[in-house]
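Undergrad: I have a structure I would like to understand better, so I am pasting it below and will then ask my questions one at a time.
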Amino acid sequence: MVIKLKKKVIEIFNVLKEKNADYEASELTKELSIDYIVLMSAINDLIDVNLGKFEEDEIFQLSLNEEGISYLKNGLPERQLLNIFLKRNIKEIEIEELLKTSNLESNIFYIGLSNMKKNRWIAQSKATGETKIFLVAEKFPETELEKFLKRFEKKERINYSNLTKKEINQYNILNKRKLITKTKGTQRIISLTEKGKAIKPSEIEELKQVSKITSEMLSSGTWKDYQLKPFDVTKPGPLLKAGKLHPMVKLINEIREIFISLGFTEIRGPIVESAFFNFDALFQPQDHPAREMHDTFYLNNPKTAKLPEKDRVKAVKETHENGGDSGSLGWGYSWDEKIAKKTLLRTHTTATTIRRLAQYYRNNDVPPIKVFSIDRVFRNEKLDKSHLAEFTQIEGIVIGERVTLCDLIGVIKEFYNKIGFEKVITRPGFFPYTEPSMEIAVYYDKLGEWLEMGGSGIFRPEVTYPWGIKNPTRVLAWGLGLERLAMLKYERKDIRDLYINPIKWLRQESY
Amino acid sequence: MPTLELKIERLERLIGRKLDINELEYDLQWISLDLEDVNEEEQKIKVEYNPNRPDFSSPEGIARALKGYYEVELGLPSYTIIPGDVEMNVDPSVNKVRPYIVCGVIRDIDLDEDEVATLMNIQEQLHWAVGRDRKKVAIGVHDLDKISPPYRYLAVKPDSISFVPLHGDGYPMNLEEILLLHEKGIEYAHILEGKEVYPLLLDSNDEVISFPPIINGILTTVTDDTKNLFLDLTGTDYKAINLALNILSTMLADTGAKIESVKVNYQGDMGQIITPNLDPIKWEVNTDYINDYVGLNLSDSEMIKCFRKVRMDAKKSKKKGYLDIWIPAFRGDIIHPVDFTEECAIGYGYFNLPLTIREGCIGQYHPIESFANKIRTIMIGAGYLEVLNFMLTNTVKNYDYMRKKFKKSEILQIANPVSKEFDTARTALLPKLMETLLFNRSEEKPIRIFEVGDVIQLRPKEETGAIRELHLSAVSYYENSDFTEIRSTLDFIMSSLGYLEKFEIKPGKNTTYIDGRYGEIYMNGKKIGEIGEIHPEVLLNFKLEFPVAALELNLGSLI
C-alpha cells in the first residue's frame with residue numbers, strides 16, 4: 001500500500017529518517033526553519049498514518065548562562081590562560097607580569113589561574129621572593145569539564161535526566177562556577193515508529209492538496225489527483241444575512257391558519273374609524289369613561305365621519321335611549337349623533353366586527369357565519385416595557401342560530417388548544433357589550449401559572465338587534481392580544497422589542 | 001378595573017365560616033372576581049371587581065355573594081327599614097343645577113377602624129363607578145345628631161352663603177371662594193361650570209350640611225363618637241343616586257347598624273318619596289330562553305336554585321314557562337332579560353358548563369392578507385429580512401427627515417397624543433425603514449430589510465375620511481448599495497408577480513432621493529411606486545454612514 005503524504009510532510013519525514021534519531025520539536029523547527037504549527041500539523045499527518053510518534057514530557061532542562069556561553073565560544077579561563085603560555089612559549093613567569101600582559105580581565109585571570117593549578121598544569125614557587133608559576137605538564141588534553149561544556153554546542157538545552165554519572169559531576173562543577181541554569185520545562189520528542197523506520201521511499205508518494213475544485217479539474221478529470229483541504233467542520237460559519245419573516249408575522253400566519261382550519265373567514269376594516277362603530281354600536285354609553293380622551297386617539301383631521309344608513313343610526317340611537325326593539329331598558333339618556341361622528345383610531349377590532357354585522361344586515365346573510373381578524377388597534381398610552389400605543393388584536397366571532405355559551409366554550413377550547421394551550425379555564429367576566437361574558441385563562445407550562453389570555457362572550461341584544469340579528473340568532477365572540485402571546489413564545493421581556501426591529505434578534509430568532 | 005382589599009378574618013365573620021386563602025383564591029374567580037394579590041402573612045387579599053358590580057365595592061358586598069356560592073345563605077339578602085320621621089324638603093330651584101336628592105338615616109353604628117376605612121373607600125368607589133366622578137352622583141355622610149330636621153335642599157347664588165367647609169383652613173368661605181380656593185373646590189368646580197346657582201343642603205337652623213357635589217360643612221364631621229349617620233345623595237340621574245344609596249345603606253346594615261327611612265318631599269309630580277327603597281325589582285323571564293342561551297337544560301327548580309345562589313329570589317311565574325325573578329335593590333346591572341343568562345350560568349357554575357362543538361363554514365383568507373404574504377415570500381427569496389413598525393409616527397420623521405413638505409390640513413392629525421412621539425400616522429413605509437436602519441447602524445452589513453404593511457391616506461370623500469393602503473418598502477444598506485441593486489430587486493418582484501412586461505420606470509424628481517438616480521414606477525398609466533438612491537441629507541438626518549437604495553410600492557394596485 002502506498003501512503004500519500006503532503007510534500008512538506010515527506011520532507012520532514014525524510015529528515016527524521018536520515019538522522020534516524022529522536023528530535024526535540026524546537027530543534028527540528030530550527031533545523032528545517034519552519035513554524036512550530038506547520039511542523040506539528042505535519043507530525044499529526046505522520047501520526048495519522050502511523051509513521052511518526054510524538055511524546056511530551058515534563059523535564060528539567062540545563063542551559064548555559066551568558067558567561068557559560070562565552071566560555072563555550074572562547075574556552076574556559078584556564079584554557080584561555082594556557083593558550084597564552086603556549087603561544088608565547090612561556091616556561092615560567094611572575095604572576096604580576098602575566099596578569100599585565102595577558103589582556104584578560106583580572107577575575108577571569110584568577111579563575112583561570114586557580115583552575116590551571118587544579119588541573120595540575122602549573123605549579124607555583126616563592127623561592128626568589130617573587131611568586132612565579134611554572135608549566136609542569138607537557139600535554140593538556142581536553143578536560144572532562146570541557147567535554148561536557150561542548151555538549152551545548154549542538155543543543156542549547158540538555159535534559160538533566162539523560163546525564164551520566166560522570167556528566168552529573170561536571171554539571172555540579174559548572175553549577176558551582178555559576179555557568180549553568182536548571183529549569184523546569186516541556187520536552188516534545190518527535191520520532192519515527194517502527195513502521196516509519198522500516199518503510200521504503202517507494203512506498204511514500206506525494207499527496208496533492210487544493211482548497212477548492214475548479215471547473216477545469218472537473219472537466220479534465222484531474223480532481224482525482226487532488227485531495228481537498230479539509231475544513232474544521234466544528235467551527236461556526238460567518239453570519240448569513242438572509243431573508244426571513246418577522247417573528248410576529250410568523251405568529252400571525254400561524255394563528256390565521258388555525259382560524260381558517262376552524263372554518264373562519266378573515267375580515268379587514270378601517271383603521272380610522274367613527275366613534276359610531278367603535279363605541280356606539282357596541283352599546284357603550286356616550287358618557288362612558290372608556291370613551292374619554294385619555295384612552296382613545298381622537299383625530300382633528302379627518303374630523304368627522306359619515307354615519308351609515310339613517311334607519312340603522314336610528315336603531316342604535318333608540319337602543320341607547322330606551323332599548324329600542326331589543327327588549328332592553330336602554331341607558332335612559334339622550335343620544336347625540338355628533339358624538340358618534342367623531343373620528344378616532346380604532347381601539348379594538350370589534351369595530352370591524354360590527355361592520356361585519358352591518359354587512360350581514362345589508363346582505364340578508366344567513367347563519368352560520370364565522371369571521372376573524374388579526375389586526376392593529378390603538379390606545380393613547382405612553383410606551384414602556386409593558387405598554388404599547390399600538391398593538392395587534394386577535395378576534396373571532398360566530399353568528400349562529402341558537403348558539404350557546406357552551407358552544408362558545410367549545411370553540412374557545414378548540415382555538416386555544418390549537419395555539420398550544422392544553423388547559424383552558426373559562427370563568428365569568430365582564431365586558432360592556434357581551435352577556436354572558438367570560439374571561440379566558442390558560443395554563444402556561446413554562447411558568448407553571450394560569451395566565452389571563454383574553455375575553456369572550458355573547459354579544460348583547462342591544463349590540464346585535466340594530467343589525468337585524470335577533471334571538472335565537474346570536475353572536476359568539478372572543479379576542480386576545482397577540483403581543484402577550486408573542487412575548488411568551490419568543491421569551492421577550494420588553495414588549496417594545498416586537499416593533500422596533502432589533503436586527504440581531506430578527507436574524508437569530510427561532511420559530 | 002377597581003380593586004378592593006379584604007381581610008380574611010372580616011370575611012369569615014361576615015360569612016360565618018372559616019376560609020382558606022388558597023381555597024378562596026380558586027373560588028373567587030367563579031363569582032367574577034379576580035384575585036390581584038395575596039398577603040399570607042397579614043391574611044389579606046386584594047381583589048379586582050368588574051365596574052358593572054359597584055355592590056362589590058365593600059367586603060360586605062363580596063361576602064353576600066360568597067355566602068351564596070358556599071350555600072351558606074341563598075336568595076335575596078333581607079333588610080329591615082325602620083320608618084323614620086326625618087324629612088328633606090326639595091326646593092324647585094335645584095332643577096337648574098342638580099335636580100335629585102335621596103337620603104337615608106343609619107342608627108346605632110358601631111364601626112371599627114377597618115369598617116370606617118371601608119366607609120371612606122366605598123364612597124370613593126361609588127363616586128367613580130356609579131357617580132362618574134361626582135357628576136352623576138355625589139355622596140355625603142354626616143353625623144345625624146349635629147343637625148336638626150327638617151332639612152332643605154335648595155340652590156343659592158354663589159356668594160350668598162358662607163360656611164366652614166371640611167378639610168379647609170377652619171374659616172368660613174362662600175361657595176364661590178370654595179370653588180376657587182378649596183382643594184376639593186378646585187378639583188370639582190368643572191361640574192358647576194356655567195351654573196348661576198349652586199346646590200346646598202341646610203338644616204332647620206340654616207346651618208350648612210353640605211355643598212354638593214363639592215364638600216361637606218365641618219359641622220357634621222363624622223367622629224369616633226358618632227352614633228347615627230345621615231346620608232345624602234345628590235345628582236343628575238335619579239336611578240343612579242338610588243343605587244348608590246342602596247349599596248351604601250345595605251353595606252352599613254351588614255355591619256350591624258339599622259336603616260331608617262327619610263321622607264324626601266319634592267314639589268310637583270314627584271311628591272313625597274321615602275328612601276332608601278330596598279324593594280327588590282321583579283322581572284319575568286322565560287326559562288327556555290335562558291336554557292337555550294347558556295346551552296343547558298335545567299328544570300325550573302334547578303334554575304331557581306341557580307338564581308338563589310347569586311342572591312336573587314325566583315319562583316315559577318303564573319305565566320307558563322316563565323320565572324318571576326327578584327333582584328336585590330343594590331344591583332344596577334340588570335337591564336335586559338339576557339343579563340339573567342349570565343346570572344344563571346354563575347349560579348350553575350361556569351366550571352360545570354359542558355363544551356359543545358358546532359360544525360359548519362369553510363374558512364377563507366382575506367385577499368389583501370394573502371397578497372401581503374405572497375409579497376413576503378418574494379422578498380425573503382430576494383434575501384430581505386422582514387421588519388415590523390408602528391403605523392403611528394410623527395411629522396418630523398415622516399416628513400422633515402425625508403426632506404418632504406407637508407400641509408397640516410392635508411395630513412392625519414391626532415387631537416390628543418400623550419406623547420410627542422406620535423402625532424400622525426405613516427403615509428409611507430420608507431421613513432420607518434430608515435429609522436430601523438438608524439436603530440441597527442452597528443449591525444453586520446449588508447442590511448437588507450423590507451416591510452409589508454398599511455399606511456393611512458386621507459380621503460375626505462370616504463366614510464371615515466381616510467383609507468388604509470397596503471404598501472411594500474425595501475431598503476439596502478451597505479457601502480456598495482446602489483440603484484442597480486434595488487432595480488434588480490424590483491425586477492425580481494415584478495417578474496415574480498407576472499408584471500415584468502407591464503410596468504415602466506420614468507425618471508423623476510423627488511427631494512428624498514438623489515437627482516438622476518430616482519424613478520417613478522408606473523403600471524397601466526398609474527403611478528404605483530418610487531425607486532432610487534436616498535439623498536445624502538436624508539442619510540445624515542438618520543445618522544447613516546453608507547448609501548441606501550430604496551423602493552416603495554403601493555400594493556393595492558397590484559392585487
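Simple scheme: letters A, B, ... for chains in C-alpha cells order, numbers from 1 for residues in each chain, numbers from 1 for ligands in the order shown.
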Tell me the residues of chain B close to chain A, meaning within 6 Å using only C-alpha atoms, as a compact mmCIF listing (two decimals) with C-alpha atoms, in the first residue's frame.

TA:
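Below you can see result_27.txt, which holds the result:
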# COMPACT_ATOMS: atom_id res chain seq x y z
CA TRP B 30 -66.33 31.80 39.77
CA SER B 32 -66.44 37.09 38.66
CA TYR B 293 -78.77 30.86 25.66
CA VAL B 294 -76.48 29.10 28.06
CA GLY B 295 -76.75 25.71 26.40
CA ILE B 335 -81.24 45.90 32.18
CA HIS B 336 -82.26 43.10 29.83
CA GLU B 342 -75.05 35.07 32.98
CA TYR B 350 -69.03 28.14 34.86
CA PRO B 354 -70.07 21.40 29.24
CA LEU B 355 -68.42 22.36 25.97
CA THR B 356 -70.15 21.71 22.71
CA ILE B 357 -68.78 21.88 19.18
CA CYS B 361 -68.46 27.05 7.48
CA ILE B 362 -65.42 26.98 5.27
CA GLY B 363 -62.57 29.33 6.13
CA GLN B 364 -61.30 31.88 3.65
CA TYR B 365 -58.23 34.07 3.51
CA HIS B 366 -58.64 37.78 3.05
CA ILE B 380 -37.49 36.71 1.54
CA GLY B 383 -32.72 37.98 0.65
CA TYR B 384 -34.52 40.72 2.53
CA LEU B 385 -35.23 40.48 6.26
CA GLU B 386 -38.75 41.43 7.33
CA VAL B 387 -39.30 44.20 9.88
CA LEU B 388 -42.47 45.44 11.52
CA ASN B 389 -43.09 49.03 12.56
CA LEU B 412 -53.86 62.98 9.68
CA GLN B 413 -53.75 64.84 12.99
CA ILE B 414 -54.15 63.18 16.35
CA ALA B 415 -56.07 65.52 18.64
CA GLU B 463 -66.81 57.25 5.05
CA THR B 464 -64.27 57.90 7.80
CA GLY B 465 -62.21 60.41 5.81

Undergrad: Residues within 12 Å of Lys526 in chain B, please, as a PDB file with N, CA and C atoms, in the first residue's frame. Count only C-alpha atoms; anything in the same chain fewer than 6 positions from it doesn't count.

TA:
ATOM      1  N   LYS B 502     -45.195  44.703 -17.822  1.00  0.00           N
ATOM      2  CA  LYS B 502     -46.301  45.657 -17.704  1.00  0.00           C
ATOM      3  C   LYS B 502     -45.942  46.951 -16.997  1.00  0.00           C
ATOM      4  N   PHE B 503     -44.812  46.987 -16.324  1.00  0.00           N
ATOM      5  CA  PHE B 503     -44.510  48.216 -15.595  1.00  0.00           C
ATOM      6  C   PHE B 503     -43.369  48.962 -16.283  1.00  0.00           C
ATOM      7  N   GLU B 504     -43.290  50.248 -15.985  1.00  0.00           N
ATOM      8  CA  GLU B 504     -42.153  51.016 -16.512  1.00  0.00           C
ATOM      9  C   GLU B 504     -41.710  52.034 -15.469  1.00  0.00           C
ATOM     10  N   ILE B 505     -40.452  52.458 -15.601  1.00  0.00           N
ATOM     11  CA  ILE B 505     -39.946  53.461 -14.680  1.00  0.00           C
ATOM     12  C   ILE B 505     -39.661  54.733 -15.449  1.00  0.00           C
ATOM     13  N   LYS B 506     -40.235  55.836 -14.946  1.00  0.00           N
ATOM     14  CA  LYS B 506     -39.974  57.126 -15.589  1.00  0.00           C
ATOM     15  C   LYS B 506     -39.087  57.942 -14.675  1.00  0.00           C
ATOM     16  N   GLU B 520     -39.958  56.955 -11.030  1.00  0.00           N
ATOM     17  CA  GLU B 520     -41.310  56.656 -10.576  1.00  0.00           C
ATOM     18  C   GLU B 520     -41.802  55.420 -11.296  1.00  0.00           C
ATOM     19  N   LEU B 553     -43.686  50.515  -2.944  1.00  0.00           N
ATOM     20  CA  LEU B 553     -44.750  50.183  -3.894  1.00  0.00           C
ATOM     21  C   LEU B 553     -46.092  50.215  -3.183  1.00  0.00           C
ATOM     22  N   ASN B 554     -47.085  50.785  -3.844  1.00  0.00           N
ATOM     23  CA  ASN B 554     -48.457  50.684  -3.366  1.00  0.00           C
ATOM     24  C   ASN B 554     -49.033  49.377  -3.906  1.00  0.00           C
ATOM     25  N   GLY B 556     -51.812  47.986  -3.378  1.00  0.00           N
ATOM     26  CA  GLY B 556     -53.250  47.988  -3.661  1.00  0.00           C
ATOM     27  C   GLY B 556     -53.535  47.863  -5.145  1.00  0.00           C
ATOM     28  N   SER B 557     -52.687  48.506  -5.952  1.00  0.00           N
ATOM     29  CA  SER B 557     -52.955  48.500  -7.387  1.00  0.00           C
ATOM     30  C   SER B 557     -52.408  47.238  -8.059  1.00  0.00           C
ATOM     31  N   LEU B 558     -51.786  46.346  -7.304  1.00  0.00           N
ATOM     32  CA  LEU B 558     -51.216  45.142  -7.920  1.00  0.00           C
ATOM     33  C   LEU B 558     -52.047  43.894  -7.649  1.00  0.00           C
TER      34      LEU B 558
END

Undergrad: Neighbours of range 23-29 of chain B within 8 Å (only C-alpha atoms; same-chain residues fewer than 4 positions away dropped), as an MDAnalysis selection string?

TA: (chainID A and resid 427:428) or (chainID B and resid 19 33:35 66)

Undergrad: Just asking: which residues within range 174-398 of chain B are alpha helix (DSSP H) according to DSSP, as a VMD selection string?

TA: chain B and resid 175 to 181 183 to 188 238 to 254 287 to 294 300 to 309 339 to 348 367 to 381 395

Undergrad: Would you list the contacts of Ser63 in chain A as a PyMOL selection string, taking every protein, DNA or RNA residue within 6 Å and counting only C-alpha atoms, but skipping same-chain residues closer than 5 positions in sequence?

TA: chain A and resi 157+180-181

Undergrad: Write a file of the selected residues as a compact mmCIF listing (two decimals), in the first residue's frame, keeping C-alpha atoms.

TA:
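Okay, selection.txt is ready:
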# COMPACT_ATOMS: atom_id res chain seq x y z
CA ARG A 157 19.16 22.61 26.20
CA ILE A 180 24.70 26.81 34.06
CA THR A 181 20.94 27.01 34.90

Undergrad: I'd like the neighbourhood of range 212-228 of chain A as a list in words, where a residue qualifies if any of its atoms comes within 12 Å (using only C-alpha atoms), though same-chain residues fewer than 5 positions away should be ignored.

TA: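 Contacts, with the query itself left out: Lys4, Leu5, Lys6, Glu205, Glu206 and Leu207 of chain A.
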
Undergrad: Could you give me, as a PyMOL selection string, the residues within 9 Å of Glu530 in chain B, counting only C-alpha atoms and dropping anything in the same chain fewer than 2 positions from it?

TA: chain B and resi 505+518-522+527-528+532+550-553

Undergrad: Just write the chosen residues, C-alpha atoms, as a short mmCIF file (atom, residue, chain, number, x, y, z; two decimals), in the first residue's frame.

TA:
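Result file is again_2.cif:
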data_model
loop_
_atom_site.label_atom_id
_atom_site.label_comp_id
_atom_site.auth_asym_id
_atom_site.auth_seq_id
_atom_site.Cartn_x
_atom_site.Cartn_y
_atom_site.Cartn_z
CA ILE B 505 -39.95 53.46 -14.68
CA TYR B 518 -34.65 58.24 -8.92
CA GLY B 519 -37.56 56.92 -10.86
CA GLU B 520 -41.31 56.66 -10.58
CA ILE B 521 -42.85 53.25 -11.08
CA TYR B 522 -45.85 53.17 -13.40
CA LYS B 527 -48.03 55.74 -10.56
CA ILE B 528 -47.63 52.81 -8.18
CA GLY B 532 -33.94 55.26 -6.13
CA ALA B 550 -34.82 52.03 -1.64
CA LEU B 551 -38.14 51.24 -3.22
CA GLU B 552 -41.74 51.71 -2.14
CA LEU B 553 -44.75 50.18 -3.89
#

Undergrad: Hey, can you check how far CA of Asp423 in chain B sits from CA of Phe283 in chain A?

TA: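 About the pair CA of Asp423 in chain B and CA of Phe283 in chain A: they are 28.9 Å apart.
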
Undergrad: Show which residues sit within 7 Å of range 443-456 of chain A, as a list in words. Count only C-alpha atoms, and ignore same-chain residues fewer than 3 positions away.

TA: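 What passes the distance filter is Phe421, Lys423, Val424, Ser437, Met438, Glu439, Ile440, Ala477, Trp478, Gly479 and Leu480 of chain A.
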
Undergrad: Write out as a PyMOL selection string all residues of range 8-75 of chain A that backbone DSSP assigns to strand (DSSP E or B).

TA: chain A and resi 23-24+52-64

Undergrad: Write the residues you've just listed into a file as a compact mmCIF listing (two decimals), in the first residue's frame, and include N, CA and C atoms for each of them.

TA:
# COMPACT_ATOMS: atom_id res chain seq x y z
N TYR A 23 14.00 13.63 17.96
CA TYR A 23 14.21 15.07 17.87
C TYR A 23 13.37 15.80 18.88
N GLU A 24 13.95 16.82 19.43
CA GLU A 24 13.14 17.74 20.21
C GLU A 24 12.49 18.67 19.19
N GLY A 52 4.89 8.27 12.45
CA GLY A 52 5.61 9.10 13.41
C GLY A 52 5.01 8.99 14.80
N LYS A 53 5.78 9.49 15.73
CA LYS A 53 5.35 9.47 17.14
C LYS A 53 5.64 10.85 17.73
N PHE A 54 4.93 11.14 18.73
CA PHE A 54 5.14 12.43 19.38
C PHE A 54 4.90 12.24 20.87
N GLU A 55 5.92 12.60 21.67
CA GLU A 55 5.75 12.45 23.12
C GLU A 55 6.08 13.76 23.81
N GLU A 56 5.35 14.00 24.84
CA GLU A 56 5.53 15.24 25.58
C GLU A 56 5.84 14.88 27.02
N ASP A 57 6.97 15.43 27.57
CA ASP A 57 7.33 15.12 28.95
C ASP A 57 7.65 16.38 29.71
N GLU A 58 7.37 16.31 30.97
CA GLU A 58 7.84 17.37 31.88
C GLU A 58 9.26 17.02 32.27
N ILE A 59 10.21 17.93 32.08
CA ILE A 59 11.62 17.59 32.40
C ILE A 59 12.33 18.80 32.99
N PHE A 60 13.57 18.51 33.54
CA PHE A 60 14.47 19.61 33.93
C PHE A 60 15.45 19.78 32.80
N GLN A 61 15.58 21.02 32.40
CA GLN A 61 16.49 21.27 31.28
C GLN A 61 17.66 22.10 31.75
N LEU A 62 18.84 21.77 31.18
CA LEU A 62 20.04 22.54 31.53
C LEU A 62 20.36 23.45 30.37
N SER A 63 20.74 24.67 30.70
CA SER A 63 21.24 25.54 29.64
C SER A 63 22.31 26.45 30.22
N LEU A 64 23.25 26.88 29.37
CA LEU A 64 24.34 27.74 29.83
C LEU A 64 23.82 29.15 30.01

Undergrad: What is the distance, in Å and to one decimal place, between CA of Pro280 in chain B and CA of Leu119 in chain B?

TA: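 Atom-to-atom, CA of Pro280 in chain B to CA of Leu119 in chain B, that is 23.6 Å.
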
Undergrad: Would you compute the distance between CA of Val538 in chain B and CA of Ile493 in chain B? Give it in Å to one decimal.

TA: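 Distance reported for this atom pair: 25.7 Å.
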